[in-house]
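Novice: final27.cif is reproduced below (mmCIF, C-alpha atoms and all ligand atoms).
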```cif
data_final
#
loop_
_atom_site.label_atom_id
_atom_site.label_comp_id
_atom_site.auth_asym_id
_atom_site.auth_seq_id
_atom_site.Cartn_x
_atom_site.Cartn_y
_atom_site.Cartn_z
CA ASP A 34 63.94 7.83 -40.85
CA GLU A 35 66.86 5.45 -41.17
CA PRO A 36 69.54 6.35 -38.64
CA LEU A 37 72.85 7.43 -40.17
CA LEU A 38 74.74 5.06 -37.91
CA SER A 39 73.34 2.08 -36.16
CA ILE A 40 75.38 -0.04 -33.78
CA ASP A 41 73.61 -3.26 -32.88
CA ASP A 42 74.58 -5.73 -30.20
CA LEU A 43 78.26 -5.02 -30.69
CA GLN A 44 80.55 -7.34 -28.80
CA VAL A 45 84.26 -6.66 -28.59
CA HIS A 46 86.86 -8.70 -26.76
CA PHE A 47 90.52 -8.06 -26.07
CA HIS A 48 92.78 -11.04 -25.71
CA THR A 49 95.33 -10.39 -22.98
CA GLU A 50 97.74 -12.51 -20.98
CA GLU A 51 95.40 -12.28 -18.01
CA GLY A 52 92.46 -13.55 -20.04
CA THR A 53 89.75 -12.31 -22.35
CA VAL A 54 88.48 -8.83 -21.56
CA GLU A 55 84.83 -8.59 -22.52
CA ALA A 56 85.03 -4.88 -23.25
CA LEU A 57 81.73 -4.49 -25.09
CA ASP A 58 78.92 -6.79 -24.10
CA GLY A 59 76.28 -6.16 -26.74
CA VAL A 60 76.27 -2.39 -27.21
CA SER A 61 73.41 -0.87 -29.22
CA LEU A 62 73.29 2.82 -30.13
CA SER A 63 71.94 4.78 -33.06
CA ILE A 64 72.55 8.26 -34.41
CA GLY A 65 70.10 10.07 -36.66
CA ARG A 66 71.02 12.47 -39.43
CA ASP A 67 72.14 15.86 -38.11
CA GLU A 68 71.82 14.51 -34.61
CA VAL A 69 74.30 14.67 -31.74
CA LEU A 70 74.39 11.53 -29.63
CA GLY A 71 76.24 11.90 -26.37
CA VAL A 72 77.78 8.84 -24.78
CA ILE A 73 78.61 9.08 -21.11
CA GLY A 74 80.27 6.71 -18.71
CA GLU A 75 83.23 6.20 -16.43
CA SER A 76 86.64 5.53 -17.89
CA GLY A 77 86.96 1.93 -19.03
CA CYS A 78 83.21 1.49 -19.64
CA GLY A 79 83.71 1.01 -23.38
CA LYS A 80 83.04 4.47 -24.82
CA SER A 81 86.30 4.69 -26.71
CA VAL A 82 86.12 1.06 -27.76
CA THR A 83 82.73 1.81 -29.31
CA ALA A 84 84.20 4.80 -31.15
CA LEU A 85 87.27 2.96 -32.39
CA SER A 86 85.18 0.02 -33.59
CA THR A 87 83.08 2.43 -35.62
CA MET A 88 86.23 3.86 -37.18
CA GLY A 89 87.23 0.30 -38.11
CA LEU A 90 90.30 0.57 -35.92
CA LEU A 91 89.73 -2.56 -33.86
CA GLN A 92 89.82 -5.14 -36.62
CA SER A 93 93.03 -6.83 -35.55
CA PRO A 94 94.50 -8.57 -32.49
CA PRO A 95 94.47 -8.18 -29.56
CA ALA A 96 91.01 -6.79 -30.35
CA GLU A 97 88.32 -9.02 -31.76
CA ILE A 98 84.83 -8.06 -32.79
CA VAL A 99 82.98 -11.20 -31.81
CA GLY A 100 79.46 -10.18 -32.71
CA GLY A 101 77.03 -7.51 -33.73
CA SER A 102 76.89 -5.02 -36.53
CA ILE A 103 77.72 -1.42 -37.35
CA THR A 104 75.63 -0.03 -40.18
CA TYR A 105 76.61 3.32 -41.62
CA ASP A 106 74.32 4.88 -44.21
CA GLY A 107 73.06 1.46 -45.25
CA THR A 108 76.52 -0.18 -45.39
CA GLU A 109 77.72 -2.85 -42.96
CA LEU A 110 81.07 -1.46 -41.86
CA LEU A 111 82.22 -4.74 -40.35
CA ASP A 112 82.13 -6.39 -43.79
CA LEU A 113 84.28 -3.81 -45.55
CA THR A 114 87.84 -4.42 -46.69
CA ASP A 115 90.59 -2.11 -45.38
CA GLU A 116 90.59 -0.34 -48.69
CA GLU A 117 86.84 0.26 -48.64
CA LEU A 118 87.06 1.39 -45.04
CA ASN A 119 89.84 3.83 -45.90
CA GLU A 120 87.56 5.53 -48.40
CA ILE A 121 85.00 6.28 -45.72
CA ARG A 122 87.34 6.87 -42.81
CA GLY A 123 88.89 10.32 -42.84
CA ASP A 124 86.31 11.44 -45.38
CA GLU A 125 82.70 10.69 -44.44
CA ILE A 126 83.51 9.60 -40.91
CA THR A 127 86.21 11.51 -39.06
CA MET A 128 87.38 11.52 -35.49
CA ILE A 129 88.90 13.88 -32.98
CA TYR A 130 90.64 12.69 -29.83
CA GLN A 131 91.33 13.96 -26.35
CA ASP A 132 94.96 14.79 -27.07
CA PRO A 133 95.32 16.88 -30.23
CA MET A 134 98.96 15.85 -30.54
CA SER A 135 97.90 12.28 -31.21
CA SER A 136 96.38 13.55 -34.48
CA LEU A 137 99.16 15.97 -35.41
CA ASN A 138 102.54 15.17 -36.85
CA PRO A 139 105.20 17.36 -35.22
CA VAL A 140 107.40 17.44 -38.32
CA LEU A 141 104.73 18.57 -40.78
CA THR A 142 103.35 22.10 -41.07
CA ILE A 143 99.79 22.89 -40.09
CA GLY A 144 99.09 23.58 -43.76
CA GLN A 145 100.35 20.20 -44.93
CA GLN A 146 98.21 18.47 -42.32
CA VAL A 147 94.98 20.38 -42.79
CA LYS A 148 95.17 19.92 -46.58
CA GLU A 149 95.94 16.21 -46.34
CA PRO A 150 92.40 14.76 -46.03
CA LEU A 151 91.29 16.72 -49.09
CA LEU A 152 94.31 15.65 -51.14
CA ALA A 153 93.77 12.05 -50.06
CA HIS A 154 90.04 11.85 -50.70
CA ARG A 155 89.22 14.47 -53.34
CA ASP A 156 90.40 15.22 -56.80
CA VAL A 157 91.71 18.69 -56.01
CA THR A 158 94.80 20.69 -56.86
CA ASP A 159 97.21 21.69 -54.15
CA GLU A 160 96.19 25.34 -54.62
CA ALA A 161 92.51 24.53 -54.13
CA ALA A 162 93.32 22.42 -51.05
CA HIS A 163 95.44 25.26 -49.68
CA GLU A 164 92.66 27.76 -50.16
CA ARG A 165 90.13 25.49 -48.51
CA ALA A 166 92.49 24.79 -45.60
CA VAL A 167 92.88 28.52 -44.96
CA GLU A 168 89.09 28.90 -44.96
CA MET A 169 88.75 25.99 -42.54
CA LEU A 170 91.31 27.47 -40.15
CA GLU A 171 89.31 30.68 -40.22
CA SER A 172 86.04 28.80 -39.60
CA VAL A 173 87.48 27.24 -36.47
CA GLY A 174 88.34 30.67 -35.18
CA LEU A 175 92.06 30.81 -35.87
CA ALA A 176 93.35 34.24 -36.81
CA ASP A 177 96.12 34.87 -39.32
CA ALA A 178 95.43 31.57 -41.04
CA GLU A 179 97.83 32.08 -43.96
CA ARG A 180 100.76 32.45 -41.59
CA LEU A 181 99.53 29.58 -39.43
CA MET A 182 99.66 27.28 -42.47
CA THR A 183 103.47 27.48 -42.34
CA GLU A 184 103.81 26.86 -38.60
CA TYR A 185 104.54 23.55 -36.88
CA PRO A 186 102.27 22.14 -34.12
CA ASP A 187 104.93 22.94 -31.50
CA ALA A 188 104.32 26.64 -31.97
CA LEU A 189 100.64 26.36 -30.98
CA SER A 190 98.83 26.28 -27.65
CA GLY A 191 96.71 23.25 -26.70
CA GLY A 192 93.49 25.05 -27.55
CA MET A 193 94.82 26.14 -30.95
CA ARG A 194 96.00 22.61 -31.70
CA GLN A 195 92.54 21.22 -30.97
CA ARG A 196 91.09 23.83 -33.34
CA VAL A 197 93.52 22.70 -36.03
CA VAL A 198 92.49 19.09 -35.44
CA ILE A 199 88.84 20.10 -35.78
CA ALA A 200 89.65 21.88 -39.05
CA MET A 201 91.33 18.69 -40.32
CA ALA A 202 88.37 16.60 -39.25
CA LEU A 203 85.84 18.84 -40.98
CA ILE A 204 87.64 19.80 -44.18
CA THR A 205 86.04 16.90 -46.07
CA GLU A 206 82.62 17.86 -44.68
CA PRO A 207 82.03 14.48 -43.01
CA LYS A 208 78.56 13.16 -42.36
CA LEU A 209 79.65 11.79 -39.01
CA LEU A 210 82.14 13.28 -36.59
CA ILE A 211 83.26 11.15 -33.67
CA ALA A 212 84.56 13.26 -30.81
CA ASP A 213 86.18 11.28 -27.99
CA GLU A 214 86.63 13.52 -24.92
CA PRO A 215 87.69 16.40 -27.20
CA THR A 216 87.90 18.96 -24.38
CA THR A 217 89.11 16.82 -21.48
CA ALA A 218 92.76 17.74 -21.86
CA LEU A 219 92.07 21.48 -22.08
CA ASP A 220 91.71 24.02 -19.30
CA VAL A 221 88.19 25.11 -18.43
CA THR A 222 88.09 28.41 -20.35
CA ILE A 223 89.42 26.82 -23.52
CA GLN A 224 87.08 23.86 -22.98
CA ALA A 225 84.08 26.21 -23.07
CA GLN A 226 85.36 27.88 -26.24
CA ILE A 227 85.83 24.57 -28.00
CA MET A 228 82.33 23.46 -26.96
CA ASP A 229 80.87 26.69 -28.39
CA LEU A 230 82.82 26.11 -31.57
CA LEU A 231 81.63 22.51 -31.94
CA THR A 232 78.03 23.58 -31.28
CA ASP A 233 78.28 26.18 -34.08
CA LEU A 234 80.08 23.88 -36.52
CA ARG A 235 77.60 21.08 -35.97
CA GLU A 236 74.89 23.44 -37.33
CA GLU A 237 77.03 24.88 -40.07
CA PHE A 238 78.17 21.50 -41.41
CA GLU A 239 74.85 19.72 -40.81
CA MET A 240 76.64 16.66 -39.53
CA SER A 241 75.88 13.97 -37.04
CA VAL A 242 78.15 13.75 -34.03
CA LEU A 243 78.99 10.91 -31.69
CA PHE A 244 80.17 12.87 -28.67
CA ILE A 245 81.91 10.90 -25.94
CA SER A 246 82.62 12.26 -22.48
CA HIS A 247 82.79 11.32 -18.81
CA ASP A 248 81.38 14.78 -18.07
CA LEU A 249 77.60 15.16 -18.08
CA ALA A 250 77.78 18.97 -18.03
CA VAL A 251 79.82 18.99 -21.20
CA ILE A 252 77.60 16.43 -22.95
CA SER A 253 74.40 18.22 -22.01
CA GLU A 254 75.62 21.33 -23.82
CA ILE A 255 75.66 19.67 -27.20
CA ALA A 256 73.77 16.36 -27.23
CA ASP A 257 70.23 15.79 -28.49
CA ARG A 258 70.14 12.23 -27.20
CA ILE A 259 72.34 10.32 -24.81
CA GLY A 260 73.51 6.78 -24.27
CA VAL A 261 74.66 5.87 -20.77
CA MET A 262 77.35 3.20 -20.66
CA TYR A 263 78.38 1.06 -17.73
CA ALA A 264 80.95 -1.73 -17.79
CA GLY A 265 80.63 -2.52 -21.49
CA ASN A 266 76.86 -2.11 -21.74
CA VAL A 267 74.45 0.64 -22.67
CA VAL A 268 72.20 0.81 -19.60
CA GLU A 269 69.94 3.62 -20.78
CA GLN A 270 69.31 5.59 -23.94
CA CYS A 271 67.02 8.61 -24.10
CA GLU A 272 66.57 12.25 -25.06
CA MET A 273 69.01 14.54 -23.28
CA ARG A 274 66.12 16.27 -21.52
CA THR A 275 64.65 12.95 -20.36
CA LEU A 276 67.89 12.05 -18.66
CA PHE A 277 67.38 14.93 -16.24
CA GLU A 278 63.58 14.78 -16.02
CA SER A 279 62.83 11.08 -15.75
CA PRO A 280 65.87 8.83 -15.69
CA LEU A 281 65.01 5.15 -15.20
CA HIS A 282 68.19 3.21 -14.57
CA PRO A 283 69.61 3.39 -11.01
CA TYR A 284 73.00 4.36 -12.44
CA THR A 285 71.48 7.09 -14.61
CA ARG A 286 69.56 8.40 -11.62
CA LYS A 287 72.83 8.76 -9.76
CA LEU A 288 74.23 10.70 -12.69
CA ALA A 289 71.18 12.93 -12.97
CA GLU A 290 71.17 13.65 -9.22
CA SER A 291 74.52 15.23 -9.62
CA ILE A 292 72.90 17.62 -12.11
CA PRO A 293 75.73 19.72 -13.20
CA SER A 294 75.94 23.38 -12.73
CA ILE A 295 78.17 24.44 -15.57
CA GLU A 296 80.21 26.56 -13.15
CA ASP A 297 81.01 23.59 -10.98
CA GLU A 298 84.38 22.43 -12.12
CA ASP A 299 84.68 19.41 -9.90
CA ASP A 300 84.52 15.99 -11.39
CA ARG A 301 80.84 15.64 -12.18
CA LEU A 302 80.50 11.91 -12.05
CA PRO A 303 78.92 11.22 -8.68
CA THR A 304 80.55 8.87 -6.29
CA ILE A 305 78.84 5.54 -6.13
CA GLU A 306 79.88 2.99 -3.56
CA GLY A 307 81.74 -0.04 -4.84
CA THR A 308 83.87 -0.63 -7.89
CA VAL A 309 83.24 -1.39 -11.54
CA PRO A 310 83.39 -5.14 -12.11
CA GLU A 311 86.34 -6.77 -13.77
CA LEU A 312 85.66 -7.32 -17.44
CA ILE A 313 87.65 -10.52 -17.46
CA ASP A 314 85.05 -13.07 -16.46
CA PRO A 315 82.42 -10.43 -15.64
CA PRO A 316 79.31 -11.13 -13.56
CA SER A 317 76.64 -12.98 -15.52
CA GLY A 318 73.64 -10.85 -14.55
CA CYS A 319 73.48 -7.08 -14.38
CA ARG A 320 76.99 -5.65 -14.30
CA PHE A 321 75.82 -2.87 -11.98
CA ALA A 322 74.49 -5.29 -9.36
CA GLY A 323 77.48 -4.91 -7.02
CA ARG A 324 76.89 -1.17 -6.66
CA CYS A 325 73.17 -0.81 -7.23
CA PRO A 326 71.18 0.99 -4.53
CA GLN A 327 67.96 -0.60 -5.85
CA TYR A 328 69.21 -4.16 -6.21
CA ILE A 329 66.17 -6.46 -6.16
CA GLY A 330 67.64 -9.88 -5.65
CA GLU A 331 68.78 -12.96 -7.46
CA VAL A 332 67.46 -11.95 -10.87
CA CYS A 333 69.98 -9.06 -10.87
CA ASP A 334 72.83 -11.51 -10.30
CA THR A 335 71.78 -14.15 -12.76
CA VAL A 336 69.91 -12.63 -15.70
CA GLU A 337 71.37 -9.92 -17.93
CA PRO A 338 68.65 -7.26 -18.31
CA PRO A 339 67.86 -6.42 -21.96
CA LEU A 340 67.82 -2.81 -23.19
CA GLU A 341 64.13 -2.15 -23.86
CA THR A 342 61.39 0.43 -23.57
CA PRO A 343 59.13 -0.37 -20.59
CA SER A 344 55.46 -0.41 -21.60
CA ALA A 345 54.62 2.25 -18.99
CA ILE A 346 56.87 4.70 -20.83
CA ASP A 347 55.29 6.67 -23.71
CA ASP A 348 58.56 7.82 -25.11
CA GLY A 349 59.58 4.96 -27.40
CA ASP A 350 63.06 6.40 -27.59
CA GLN A 351 63.76 5.80 -23.90
CA LYS A 352 65.25 2.39 -23.32
CA VAL A 353 66.60 0.92 -20.13
CA ALA A 354 68.38 -2.27 -19.14
CA CYS A 355 67.18 -3.01 -15.61
CA HIS A 356 65.01 -5.63 -13.92
CA LEU A 357 63.06 -2.96 -12.03
CA TYR A 358 60.99 -2.64 -15.20
CA ASP A 359 60.46 -6.34 -15.91
CA ASP A 360 56.73 -6.18 -15.13
CA GLN A 361 56.40 -3.34 -17.62
CA ARG A 362 57.59 -5.40 -20.56
CA GLU A 363 55.12 -6.35 -23.22
CA ALA A 364 55.17 -10.04 -22.44
CA GLY A 365 55.84 -9.68 -18.72
CA PRO A 366 58.90 -11.09 -17.02
CA PRO A 367 59.83 -14.58 -18.20
CA TRP A 368 61.53 -15.22 -14.88
CA PRO A 369 60.47 -14.90 -11.24
CA VAL A 370 61.11 -11.43 -9.84
CA GLY A 371 61.62 -10.92 -6.10
CA ASP A 372 59.59 -8.52 -3.98
CA GLU A 373 60.64 -4.90 -4.31
FE1 LIG B 1 70.02 -2.59 -10.07
FE2 LIG B 1 69.02 -4.99 -10.61
FE3 LIG B 1 68.45 -2.90 -12.16
FE4 LIG B 1 70.88 -3.95 -12.18
S1 LIG B 1 69.00 -4.95 -12.84
S2 LIG B 1 70.37 -1.81 -12.13
S3 LIG B 1 71.13 -4.52 -10.05
S4 LIG B 1 67.87 -3.18 -10.01
MG MG B 2 88.16 6.67 -23.27
#
```
Please, can you express the file's structure as structure tokens?
Ligand code: SF4
Ligand code: MG
Specialist:
Amino acid sequence: DEPLLSIDDLQVHFHTEEGTVEALDGVSLSIGRDEVLGVIGESGCGKSVTALSTMGLLQSPPAEIVGGSITYDGTELLDLTDEELNEIRGDEITMIYQDPMSSLNPVLTIGQQVKEPLLAHRDVTDEAAHERAVEMLESVGLADAERLMTEYPDALSGGMRQRVVIAMALITEPKLLIADEPTTALDVTIQAQIMDLLTDLREEFEMSVLFISHDLAVISEIADRIGVMYAGNVVEQCEMRTLFESPLHPYTRKLAESIPSIEDEDDRLPTIEGTVPELIDPPSGCRFAGRCPQYIGEVCDTVEPPLETPSAIDDGDQKVACHLYDDQREAGPPWPVGDE
């Protein structure tokens, strides 16, 4: 089956006064139809940049897409004009952000805002849009929806606002929802409610979801597959279950070791010695080399490991970018590998 969205070798730079930030260094990810792909990584690893590129929101300076492709439903998104992109964005592909207020306009009523995507993208009357908006507010678990339509965002709690934003994002019945840390700004009880809601809506709307988080516990609740990002690269991609059962990349292993108990509210990213490399003039080999507990020598510093399925792995969907698996590549390592 053709994936709904396929990101291939995406490279994104930001031009800053300090130099060129190589934010994405050849990111490849794919999302099947009705599938939820989780993307995990520390802040600054390129998760949001990947999401924004897919929304076509990084087409102008200081951002520059320097290579790669983003294919959505057979269409190359990077070739579209703004106008063509606008037809898809907010209709077939929608996005929710960490802070609901960044999607809401404080001077418009909830009703005006929830109706807006339908009025913009569909040939509907205001009455029909109103009716559908009320239904959507009910579907996202908001009581007294008719009255809520006349309220302003200020009158709502954070959790209610995020529900409104979800209603706005789903009113056009998108094929792909991009959710960037949608529960991070909420307190834990509300976070759990929003996750339950998204899990239900994902079934009800039969949509694909790109779900971004720094929190493995949250991702594991909803994702079918997961991409692990580190310093602008995808270092491993696999089934959600595989990430816990047989992670391959040293960074993923660290993540999986900290297997979340859902009750544990502490930050779930494990502490790993060292710091993430600067993305201005980044290291030329593996970007994890400076922190890797399984570092194997010069090859790690000099050769960027490709994201591939090692031949010893049956599951063709598990891919890893690490020199530990060089001797398990089809053709064998093309470079000398030090003793392990
Ligand atoms: Fe560690 Fe080397 Fe693998 Fe990078 S390539 S994760 S440094 S073993
Ligand atoms: Mg982010």
Novice: Counting all atoms listed in the file, which protein, DNA or RNA residues come within 10 Å of ligand MG 2 (chain B), given as an MDAnalysis selection string?
Specialist: chainID A and resid 74:85 130:131 213:214 245:247
Novice: So which residues touch A:Ile211 within 9 Å, counting only C-alpha atoms, skipping near sequence neighbours fewer than 6 positions away, as an MDAnalysis selection string?
Specialist: chainID A and resid 84 87:88 126:130 241:245
Novice: Please identify all polymer residues within 10 Å of A:Thr275, counting all atoms listed in the file, omitting same-chain residues fewer than 4 positions from it, and present them as a PyMOL selection string.
Specialist: chain A and resi 258-259+270-271+279-281+289+348+350-351
Novice: Counting only C-alpha atoms, what is within 6 Å of A:Leu340, bar same-chain residues fewer than 6 positions away, as a short mmCIF file (atom, residue, chain, number, x, y, z; two decimals) with C-alpha atoms, in the frame of the given file?
Specialist:
```cif
data_model
loop_
_atom_site.label_atom_id
_atom_site.label_comp_id
_atom_site.auth_asym_id
_atom_site.auth_seq_id
_atom_site.Cartn_x
_atom_site.Cartn_y
_atom_site.Cartn_z
CA LYS A 352 65.25 2.39 -23.32
CA VAL A 353 66.60 0.92 -20.13
CA ALA A 354 68.38 -2.27 -19.14
#
```
Novice: Report as a tab-separated table: every residue of chain A with an atom at most 8 Å from ligand LIG 1 (chain B), its closest pair of atoms, and their distance in Å to one decimal, counting all atoms listed in the file, with rows sorted by chain and ascending residue number.
Specialist:
```
residue	atom	partner	partner_atom	distance
A:His282	CA	B:LIG1	S2	6.0
A:Pro283	CA	B:LIG1	S2	5.4
A:Tyr284	CA	B:LIG1	S2	6.7
A:Gly318	CA	B:LIG1	S1	7.7
A:Cys319	CA	B:LIG1	FE4	4.6
A:Arg320	CA	B:LIG1	FE4	6.7
A:Phe321	CA	B:LIG1	FE4	5.1
A:Ala322	CA	B:LIG1	S3	3.5
A:Gly323	CA	B:LIG1	S3	7.0
A:Arg324	CA	B:LIG1	S3	7.5
A:Cys325	CA	B:LIG1	FE1	4.6
A:Pro326	CA	B:LIG1	FE1	6.7
A:Gln327	CA	B:LIG1	S4	4.9
A:Tyr328	CA	B:LIG1	S4	4.1
A:Ile329	CA	B:LIG1	S4	5.3
A:Gly330	CA	B:LIG1	FE2	7.1
A:Val332	CA	B:LIG1	FE2	7.1
A:Cys333	CA	B:LIG1	FE2	4.2
A:Asp334	CA	B:LIG1	S3	7.2
A:Glu337	CA	B:LIG1	S1	7.5
A:Pro338	CA	B:LIG1	S1	5.9
A:Ala354	CA	B:LIG1	S1	6.9
A:Cys355	CA	B:LIG1	FE3	3.7
A:His356	CA	B:LIG1	S1	4.2
A:Leu357	CA	B:LIG1	S4	5.2
```
Novice: Determine, counting all atoms listed in the file, which protein, DNA and RNA residues have an atom within 12 Å of an atom of stretch 108-116 of chain A; residues of the same chain fewer than 4 positions away are not included. Present the result as a PyMOL selection string.
Specialist: chain A and resi 35-41+43-44+86-93+97-104+120-122+126
Novice: Taking all atoms listed in the file into account, name the residue in A:Gly349, A:Gly65, A:Pro94, A:Pro139 that is nearest to A:Glu184.
Specialist: A:Pro139
Novice: One decimal, in Å: what's the spacing between atom CA of A:Pro133 and atom CA of A:Val198?
Specialist: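 Between atom CA of A:Pro133 and atom CA of A:Val198 the gap works out to 6.3 Å.
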Novice: Closest to A:Val72 among A:Leu231, A:Val261, A:Leu276, A:Val268, using all atoms listed in the file?
Specialist: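 The shortest atom-to-atom distance to A:Val72 comes from A:Val261.
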Novice: Stretch 204-312 of chain A near stretch 53-58 of chain A within 6 Å: what's each residue's closest atom pair and its distance in Å to one decimal, counting only C-alpha atoms, ordered by chain then ascending residue number, as a tab-separated table?
Specialist:
```
residue	atom	partner	partner_atom	distance
A:Gly265	CA	A:Leu57	CA	4.2
A:Asn266	CA	A:Asp58	CA	5.6
A:Leu312	CA	A:Val54	CA	5.2
```
Novice: Report, in Å with one decimal, the straight-line distance from atom CA of A:Glu269 to atom CA of A:Glu237.
Specialist: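 These two atoms are separated by 29.6 Å.
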Novice: To one decimal place in Å, what is the distance between atom CA of A:Pro215 and atom CA of A:Thr308?
Specialist: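 That distance, rounded to one decimal, is 26.0 Å.
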Novice: Need to verify the contact set: A:Thr49, 10 Å, all atoms listed in the file, exclusion of same-chain residues closer than 2 positions in sequence. Can you return it as a ChimeraX atom specification?
Specialist: /A:46-47,51-54,94-96,313
Novice: Which polymer residues, whether protein, DNA or RNA, lie within 6 Å of the coordinate (104.5, 26.0, -38.4) when you count only C-alpha atoms? List them as a PyMOL selection string, using the chain letters and numbers from the file.
Specialist: chain A and resi 142-143+183-185
Novice: Which one is closest to A:Ile227: A:Met201, A:Met262, A:Val309, A:Val173? Count all atoms listed in the file.
Specialist: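 Residue with the minimum atom-to-atom distance to A:Ile227: A:Val173.
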Novice: Go through A:Glu68, A:Glu236, A:Glu331, A:Asp220 one by one, measure the shortest atom-to-atom distance of each to A:Met273 using all atoms listed in the file, and give the residue with the smallest value.
Specialist: A:Glu68
Novice: Determine the nearest neighbour of A:Phe277 from the options A:Met182, A:Ala264, A:Val336, A:Ala250, counting all atoms listed in the file.
Specialist: A:Ala250
Novice: Kindly indicate which residue among A:Ala161, A:Leu189, A:Ala200, A:Val45 lies nearest to A:Gln146, using only C-alpha atoms for the distances.
Specialist: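 Checking each candidate against A:Gln146, we get A:Ala200 as the closest.
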